[in-house]
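To start, the structure under review is shown below, and the notes come after it.
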Amino acid sequence: MKFGIATFITDQGIRPAPLGRALEERAFDSLFIAEHSHIPVDRRSPYPGGGELPERYYRTLDPFVALSAVGAVTERLLLGTGIALIPQRDPITTAKEVASLDLISNGRAAFGVGIGWNREEMSNHGADPSTRGRLADERLRAIVELWTKEKAEFHGEFVDFDPVFSWPKPVQRPHPPIYVGGGEGAFPRVAQLGDAWLANSASPDELGPRIERLRSVAGRDVPVMVYGVPADPGQIEGYIALGVERLLFYLPTAPEPDTLGNLDRFTEVAARYR
């Protein structure tokens with residue numbers, strides 16, 4: 001079992017570089033960080049977690065700047081977005097950002113993606129919430145073309161460009177892994193475009209039947225990683241029994257001393273299963 005950390009890196013918590021060093025020192029294999037470009041003040045989209053939207057959502061650092069800082073002080077840590085909001089991202093710029101991160105980290109970038117839940121946020125980026133799924137699929141396909149072709153071009157409903165040169169190309173071949181986040185509605189995207197499914201906080205009992213349905217949709221054995229798992233040995237053993245590839249403990253956003261204490265607690269639990 002691989003163990004990583006999922007968190008929001010903000011201006012109020014531990015800085016990226018000391019966080020990266022602390023994770024590698026404690027033998028975590030990965031860091032996946034959340035993205036929100038902004039949060040509209042007048043918002044009608046309900047927060048999926050219920051209640052008031054936590055402040056961390058509108059204080060996140062740019063994920064690729066933060067992950068580059070982590071990559072500069074680590075050697076083994078997988079550097080992932082958890083998740084990048086594809087309907088809000090230009091595909092040409094995003095392809096370059098991921099490829100650049102992969103290059104400077106010597107092949108350690110992981111591209112966790114999703115379509116997002118905040119309709120007002122994506123509308124501010126010019127994305128129609130009602131078509132965000134189709135938009136995300138096209139942008140992902142265009143990004144793969146930019147990563148893998150010397151002269152890349154794409155012509156679709158939402159994305160359209162004639163042949164272009166776009167460098168650097170990723171170090172990883174054919175490209176950095178694409179981890180598709182979301183519920184069962186994302187299964188076709190996982191099947192067509194994903195290297196793995198990034199499941200969000202599902203218990204082993206909930207996850208088992210979903211993995212079977214995913215395999216049925218995909219027609220193959222899709223690797224699964226779970227975001228936001230509790231440090232509960234019983235649940236971890238349940239995930240192991242299901243063959244989950246990686247578990248991501250959710251690390252609260254906090255100053256460095258508190259963060260290190262939380263990491264030590266996760267490290268103690270993870271050490272039993274490594």
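Chain lettering (A, B, ...) mirrors the order of the structure tokens, residue numbering begins at 1 for each chain separately, and ligand numbering begins at 1 in order of display.
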All residues 7 Å or closer to range 127-133 of chain A, only C-alpha atoms, same chain fewer than 5 positions away omitted, as an mmCIF file with N, CA and C atoms, in the first residue's frame:
```
data_model
loop_
_atom_site.group_PDB
_atom_site.id
_atom_site.type_symbol
_atom_site.label_atom_id
_atom_site.label_comp_id
_atom_site.auth_asym_id
_atom_site.auth_seq_id
_atom_site.Cartn_x
_atom_site.Cartn_y
_atom_site.Cartn_z
ATOM 1 N N PRO A 87 -12.390 22.601 -16.342
ATOM 2 C CA PRO A 87 -13.224 23.584 -17.037
ATOM 3 C C PRO A 87 -12.751 25.031 -16.849
ATOM 4 N N GLN A 88 -11.917 25.266 -15.859
ATOM 5 C CA GLN A 88 -11.434 26.618 -15.594
ATOM 6 C C GLN A 88 -10.030 26.874 -16.135
ATOM 7 N N ILE A 115 -14.045 18.152 -12.681
ATOM 8 C CA ILE A 115 -14.827 19.187 -13.342
ATOM 9 C C ILE A 115 -15.307 20.267 -12.378
ATOM 10 N N ARG A 119 -20.364 26.391 -9.481
ATOM 11 C CA ARG A 119 -20.811 26.890 -10.779
ATOM 12 C C ARG A 119 -20.445 28.362 -10.997
ATOM 13 N N MET A 122 -16.662 28.612 -11.962
ATOM 14 C CA MET A 122 -16.339 28.252 -13.350
ATOM 15 C C MET A 122 -16.953 29.238 -14.330
#
```
As an MDAnalysis selection string, please: the residues near Tyr227 in chain A (cut-off 7 Å, only C-alpha atoms, same-chain neighbours under 5 positions excluded).
chainID A and resid 6 198:201 247:249
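Using only C-alpha atoms, the nearest neighbour of Pro230 in chain A within the list A:Gln172, A:Gln12, A:Gln192, A:Asn262 is A:Asn262.
Using only C-alpha atoms, the nearest neighbour of Ala99 in chain A within the list A:Arg76, A:His175, A:Arg44, A:Lys151 is A:His175.
Minimum distance to Asp42 in chain A across A:Asp195, A:Glu150, A:Asp258, A:Glu121 (counting only C-alpha atoms) occurs at A:Glu121.
The protein and nucleic acid residues lying at most 10 Å from Pro223 in chain A are Tyr179, Gly194, Asp195, Ala196, Trp197, Leu198, Ile211, Arg215, Gly243, Val244, Glu245 and Arg246 of chain A, with only C-alpha atoms considered and sequence neighbours fewer than 5 positions away removed.
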Could you write those residues out with N, CA, C and O atoms, as a short mmCIF file (atom, residue, chain, number, x, y, z; two decimals), in the first residue's frame?
```cif
data_model
loop_
_atom_site.label_atom_id
_atom_site.label_comp_id
_atom_site.auth_asym_id
_atom_site.auth_seq_id
_atom_site.Cartn_x
_atom_site.Cartn_y
_atom_site.Cartn_z
N TYR A 179 -5.12 11.19 -13.18
CA TYR A 179 -5.99 10.61 -12.16
C TYR A 179 -7.31 11.38 -12.19
O TYR A 179 -7.35 12.56 -11.87
N GLY A 194 -8.46 8.32 -18.35
CA GLY A 194 -7.75 8.24 -17.09
C GLY A 194 -6.81 7.05 -16.97
O GLY A 194 -7.04 6.00 -17.56
N ASP A 195 -5.77 7.26 -16.19
CA ASP A 195 -4.87 6.18 -15.80
C ASP A 195 -5.28 5.56 -14.47
O ASP A 195 -4.82 4.48 -14.12
N ALA A 196 -6.14 6.27 -13.73
CA ALA A 196 -6.63 5.77 -12.44
C ALA A 196 -7.83 6.60 -12.03
O ALA A 196 -8.08 7.69 -12.57
N TRP A 197 -8.60 6.08 -11.07
CA TRP A 197 -9.73 6.80 -10.50
C TRP A 197 -9.31 7.34 -9.13
O TRP A 197 -8.83 6.59 -8.28
N LEU A 198 -9.54 8.63 -8.91
CA LEU A 198 -9.30 9.27 -7.62
C LEU A 198 -10.64 9.40 -6.92
O LEU A 198 -11.44 10.31 -7.19
N ILE A 211 -16.13 0.14 -7.39
CA ILE A 211 -14.99 -0.36 -8.17
C ILE A 211 -15.47 -1.39 -9.18
O ILE A 211 -15.03 -1.41 -10.34
N ARG A 215 -15.08 -1.04 -13.23
CA ARG A 215 -14.46 -2.05 -14.09
C ARG A 215 -15.40 -2.46 -15.22
O ARG A 215 -14.97 -2.73 -16.34
N GLY A 243 -7.77 -3.93 -2.82
CA GLY A 243 -6.70 -3.74 -3.80
C GLY A 243 -6.47 -2.30 -4.20
O GLY A 243 -5.93 -2.03 -5.28
N VAL A 244 -6.87 -1.35 -3.33
CA VAL A 244 -6.63 0.07 -3.62
C VAL A 244 -5.12 0.32 -3.70
O VAL A 244 -4.35 -0.21 -2.89
N GLU A 245 -4.71 1.14 -4.65
CA GLU A 245 -3.28 1.35 -4.91
C GLU A 245 -2.65 2.35 -3.95
O GLU A 245 -1.53 2.17 -3.49
N ARG A 246 -3.39 3.43 -3.63
CA ARG A 246 -2.82 4.49 -2.81
C ARG A 246 -3.91 5.12 -1.96
O ARG A 246 -5.03 5.34 -2.42
#
```
Selection: 8 Å around Thr81 in chain A, only C-alpha atoms, excl. self and same-chain fewer than 2 positions, as a PyMOL selection string:
chain A and resi 32-35+63+79+83-84+110-113
If we count only C-alpha atoms and set the cut-off at 7 Å, which residues sit around His36 in chain A, ignoring sequence neighbours fewer than 3 positions away in its own chain? Please answer as a list in words.
Tyr57, Tyr58 and Thr60 of chain A
Selection export as a PDB file, in the first residue's frame, atoms kept: N, CA, C and O atoms:
```pdb
ATOM      1  N   TYR A  57     -10.636  27.454   0.961  1.00  0.00           N
ATOM      2  CA  TYR A  57     -11.001  27.329  -0.440  1.00  0.00           C
ATOM      3  C   TYR A  57     -10.626  28.566  -1.246  1.00  0.00           C
ATOM      4  O   TYR A  57     -10.364  28.459  -2.438  1.00  0.00           O
ATOM      5  N   TYR A  58     -10.647  29.722  -0.641  1.00  0.00           N
ATOM      6  CA  TYR A  58     -10.284  30.921  -1.401  1.00  0.00           C
ATOM      7  C   TYR A  58      -8.910  31.468  -1.028  1.00  0.00           C
ATOM      8  O   TYR A  58      -8.551  32.580  -1.405  1.00  0.00           O
ATOM      9  N   THR A  60      -6.087  29.268  -1.483  1.00  0.00           N
ATOM     10  CA  THR A  60      -5.135  28.298  -2.024  1.00  0.00           C
ATOM     11  C   THR A  60      -4.062  28.975  -2.878  1.00  0.00           C
ATOM     12  O   THR A  60      -4.330  29.917  -3.621  1.00  0.00           O
TER      13      THR A  60
END
```
Near Ile104 in chain A, counting only C-alpha atoms, which residues have an atom at most 12 Å away, once you skip same-chain residues fewer than 5 positions from it, shown as an NGL selection string?
:A and (64-65 or 67-75 or 79 or 97-99 or 109 or 168-172)
Take the residues that were just selected and, keeping C-alpha atoms, output them as a compact mmCIF listing (two decimals), in the first residue's frame.
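Final output, selection-v1.txt:
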```txt
# COMPACT_ATOMS: atom_id res chain seq x y z
CA PHE A 64 1.96 24.40 -9.99
CA VAL A 65 3.94 27.12 -8.23
CA LEU A 67 4.40 21.89 -6.38
CA SER A 68 7.49 23.33 -8.08
CA ALA A 69 8.67 24.61 -4.69
CA VAL A 70 8.10 21.13 -3.22
CA GLY A 71 9.86 19.47 -6.13
CA ALA A 72 12.94 21.64 -5.65
CA VAL A 73 13.57 20.28 -2.13
CA THR A 74 12.55 16.63 -2.65
CA GLU A 75 13.83 13.72 -4.73
CA LEU A 79 3.77 15.83 -7.06
CA GLU A 97 2.59 23.80 -16.69
CA VAL A 98 2.29 20.05 -16.12
CA ALA A 99 5.09 19.24 -18.57
CA ALA A 109 4.28 15.02 -11.88
CA PRO A 168 8.76 21.05 -23.03
CA LYS A 169 7.39 17.56 -23.46
CA PRO A 170 6.91 15.57 -20.24
CA VAL A 171 9.69 13.30 -19.00
CA GLN A 172 7.21 10.49 -18.34
```
Counting only C-alpha atoms, which residues of range 180-259 of chain A sit at most 8 Å from some atom of range 266-273 of chain A, and what is each one's closest atom pair with its distance in Å to one decimal, listed by chain and rising residue number, as CSV?
```
residue,atom,partner,partner_atom,distance
A:Ala231,CA,A:Phe266,CA,6.3
A:Asp232,CA,A:Val269,CA,7.8
A:Pro233,CA,A:Val269,CA,7.2
A:Phe249,CA,A:Phe266,CA,7.3
```
Write the residues of the preceding selection, restricted to N, CA and C atoms, as a PDB file, in the first residue's frame.
```
ATOM      1  N   ALA A 231      -7.317   8.061   9.518  1.00  0.00           N
ATOM      2  CA  ALA A 231      -6.206   7.259  10.053  1.00  0.00           C
ATOM      3  C   ALA A 231      -6.780   6.155  10.937  1.00  0.00           C
ATOM      4  N   ASP A 232      -7.572   5.306  10.328  1.00  0.00           N
ATOM      5  CA  ASP A 232      -8.316   4.251  11.024  1.00  0.00           C
ATOM      6  C   ASP A 232      -7.835   2.902  10.500  1.00  0.00           C
ATOM      7  N   PRO A 233      -7.138   2.113  11.321  1.00  0.00           N
ATOM      8  CA  PRO A 233      -6.620   0.820  10.840  1.00  0.00           C
ATOM      9  C   PRO A 233      -7.685  -0.080  10.243  1.00  0.00           C
ATOM     10  N   PHE A 249      -4.138  10.520   3.097  1.00  0.00           N
ATOM     11  CA  PHE A 249      -4.648  11.109   4.330  1.00  0.00           C
ATOM     12  C   PHE A 249      -4.927  12.593   4.079  1.00  0.00           C
TER      13      PHE A 249
END
```
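Taking CA of Leu85 in chain A as the reference point, CA of Arg26 in chain A is found at 29.2 Å.
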Point out the residue among A:Ala191, A:Leu61, A:Ile240, A:Leu135 with the least atom-to-atom distance to Ala218 in chain A, counting only C-alpha atoms.
A:Ala191
12 Å contact set for Glu212 in chain A, only C-alpha atoms, chain neighbours under 2 positions out, as a VMD selection string
chain A and resid 184 187 206 to 210 214 to 224 242 to 243
Using C-alpha atoms, can you export the residues from the last selection as a short mmCIF file (atom, residue, chain, number, x, y, z; two decimals), in the first residue's frame?
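Output below, filename selection15.cif:
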```cif
data_model
loop_
_atom_site.label_atom_id
_atom_site.label_comp_id
_atom_site.auth_asym_id
_atom_site.auth_seq_id
_atom_site.Cartn_x
_atom_site.Cartn_y
_atom_site.Cartn_z
CA GLU A 184 -19.80 7.43 -10.82
CA PHE A 187 -16.55 6.67 -14.88
CA GLU A 206 -19.12 2.01 -0.30
CA LEU A 207 -16.09 1.71 -2.52
CA GLY A 208 -16.18 -2.02 -3.28
CA PRO A 209 -19.39 -2.00 -5.38
CA ARG A 210 -18.29 1.21 -7.12
CA LEU A 214 -16.08 1.12 -12.78
CA ARG A 215 -14.46 -2.05 -14.09
CA SER A 216 -17.65 -2.86 -15.94
CA VAL A 217 -17.73 0.58 -17.60
CA ALA A 218 -14.01 0.62 -18.38
CA GLY A 219 -13.69 -3.01 -19.43
CA ARG A 220 -10.41 -3.22 -17.54
CA ASP A 221 -8.93 -3.25 -14.04
CA VAL A 222 -8.56 0.48 -13.28
CA PRO A 223 -6.16 1.46 -10.46
CA VAL A 224 -7.90 3.28 -7.59
CA LEU A 242 -10.10 -4.11 -2.13
CA GLY A 243 -6.70 -3.74 -3.80
#
```
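Here CA of Glu138 in chain A and CA of Asp102 in chain A stand 21.9 Å from one another.
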For CA of Ser37 in chain A and CA of Gly156 in chain A, the interatomic separation in Å (one decimal)
25.5 Å
If you run DSSP over the backbone, which residues in range 14-224 of chain A end up strand (DSSP E)? Put them as JSON, numbers by chain.
{"A": [30, 31, 32, 33, 78, 79, 80, 81, 84, 85, 109, 110, 111, 112, 113, 114, 152, 153, 154, 155, 160, 161, 162, 163, 164, 178, 179, 180, 181, 196, 197, 198, 199, 200, 224]}
Save the residues we just selected, C-alpha atoms, as a PDB file, in the first residue's frame?
```pdb
ATOM      1  CA  SER A  30       2.989  11.581  -2.726  1.00  0.00           C
ATOM      2  CA  LEU A  31       1.481  15.008  -2.179  1.00  0.00           C
ATOM      3  CA  PHE A  32      -1.775  16.026  -3.866  1.00  0.00           C
ATOM      4  CA  ILE A  33      -2.917  19.624  -3.453  1.00  0.00           C
ATOM      5  CA  LEU A  78       5.109  12.313  -6.399  1.00  0.00           C
ATOM      6  CA  LEU A  79       3.772  15.831  -7.058  1.00  0.00           C
ATOM      7  CA  GLY A  80       0.066  15.876  -7.847  1.00  0.00           C
ATOM      8  CA  THR A  81      -2.905  18.143  -8.299  1.00  0.00           C
ATOM      9  CA  ALA A  84      -6.973  20.633 -11.123  1.00  0.00           C
ATOM     10  CA  LEU A  85     -10.272  22.160 -12.253  1.00  0.00           C
ATOM     11  CA  ALA A 109       4.278  15.017 -11.878  1.00  0.00           C
ATOM     12  CA  ALA A 110       0.795  13.510 -11.491  1.00  0.00           C
ATOM     13  CA  PHE A 111      -2.218  15.212 -13.060  1.00  0.00           C
ATOM     14  CA  GLY A 112      -5.280  14.819 -10.846  1.00  0.00           C
ATOM     15  CA  VAL A 113      -8.289  16.340 -12.613  1.00  0.00           C
ATOM     16  CA  GLY A 114     -11.972  17.021 -12.120  1.00  0.00           C
ATOM     17  CA  ALA A 152      -0.104  19.171 -32.092  1.00  0.00           C
ATOM     18  CA  GLU A 153      -3.512  20.239 -33.315  1.00  0.00           C
ATOM     19  CA  PHE A 154      -7.055  19.874 -32.075  1.00  0.00           C
ATOM     20  CA  HIS A 155     -10.453  20.641 -33.558  1.00  0.00           C
ATOM     21  CA  ASP A 160      -9.788  24.462 -31.628  1.00  0.00           C
ATOM     22  CA  PHE A 161      -6.241  25.132 -32.757  1.00  0.00           C
ATOM     23  CA  ASP A 162      -4.213  24.446 -35.886  1.00  0.00           C
ATOM     24  CA  PRO A 163      -0.795  22.715 -35.641  1.00  0.00           C
ATOM     25  CA  VAL A 164       1.425  24.203 -32.921  1.00  0.00           C
ATOM     26  CA  ILE A 178      -4.040  11.340 -15.336  1.00  0.00           C
ATOM     27  CA  TYR A 179      -5.985  10.610 -12.156  1.00  0.00           C
ATOM     28  CA  VAL A 180      -9.659  11.359 -12.741  1.00  0.00           C
ATOM     29  CA  GLY A 181     -11.620  12.521  -9.723  1.00  0.00           C
ATOM     30  CA  ALA A 196      -6.627   5.773 -12.436  1.00  0.00           C
ATOM     31  CA  TRP A 197      -9.727   6.805 -10.496  1.00  0.00           C
ATOM     32  CA  LEU A 198      -9.300   9.272  -7.624  1.00  0.00           C
ATOM     33  CA  ALA A 199     -12.214   8.410  -5.343  1.00  0.00           C
ATOM     34  CA  ASN A 200     -13.264  11.000  -2.776  1.00  0.00           C
ATOM     35  CA  VAL A 224      -7.898   3.280  -7.591  1.00  0.00           C
TER      36      VAL A 224
END
```
Using DSSP assignments from the backbone, pull out every residue in range 3-193 of chain A that falls under helix (DSSP H, G or I) and give it to me as a ChimeraX atom specification.
/A:16-25,55-58,63-72,86-88,91-104,119-124,129-148,184-193
A:Gly185, A:Ala202, A:Arg89, A:Pro176: which is nearest Ser105 in chain A, counting only C-alpha atoms?
A:Pro176
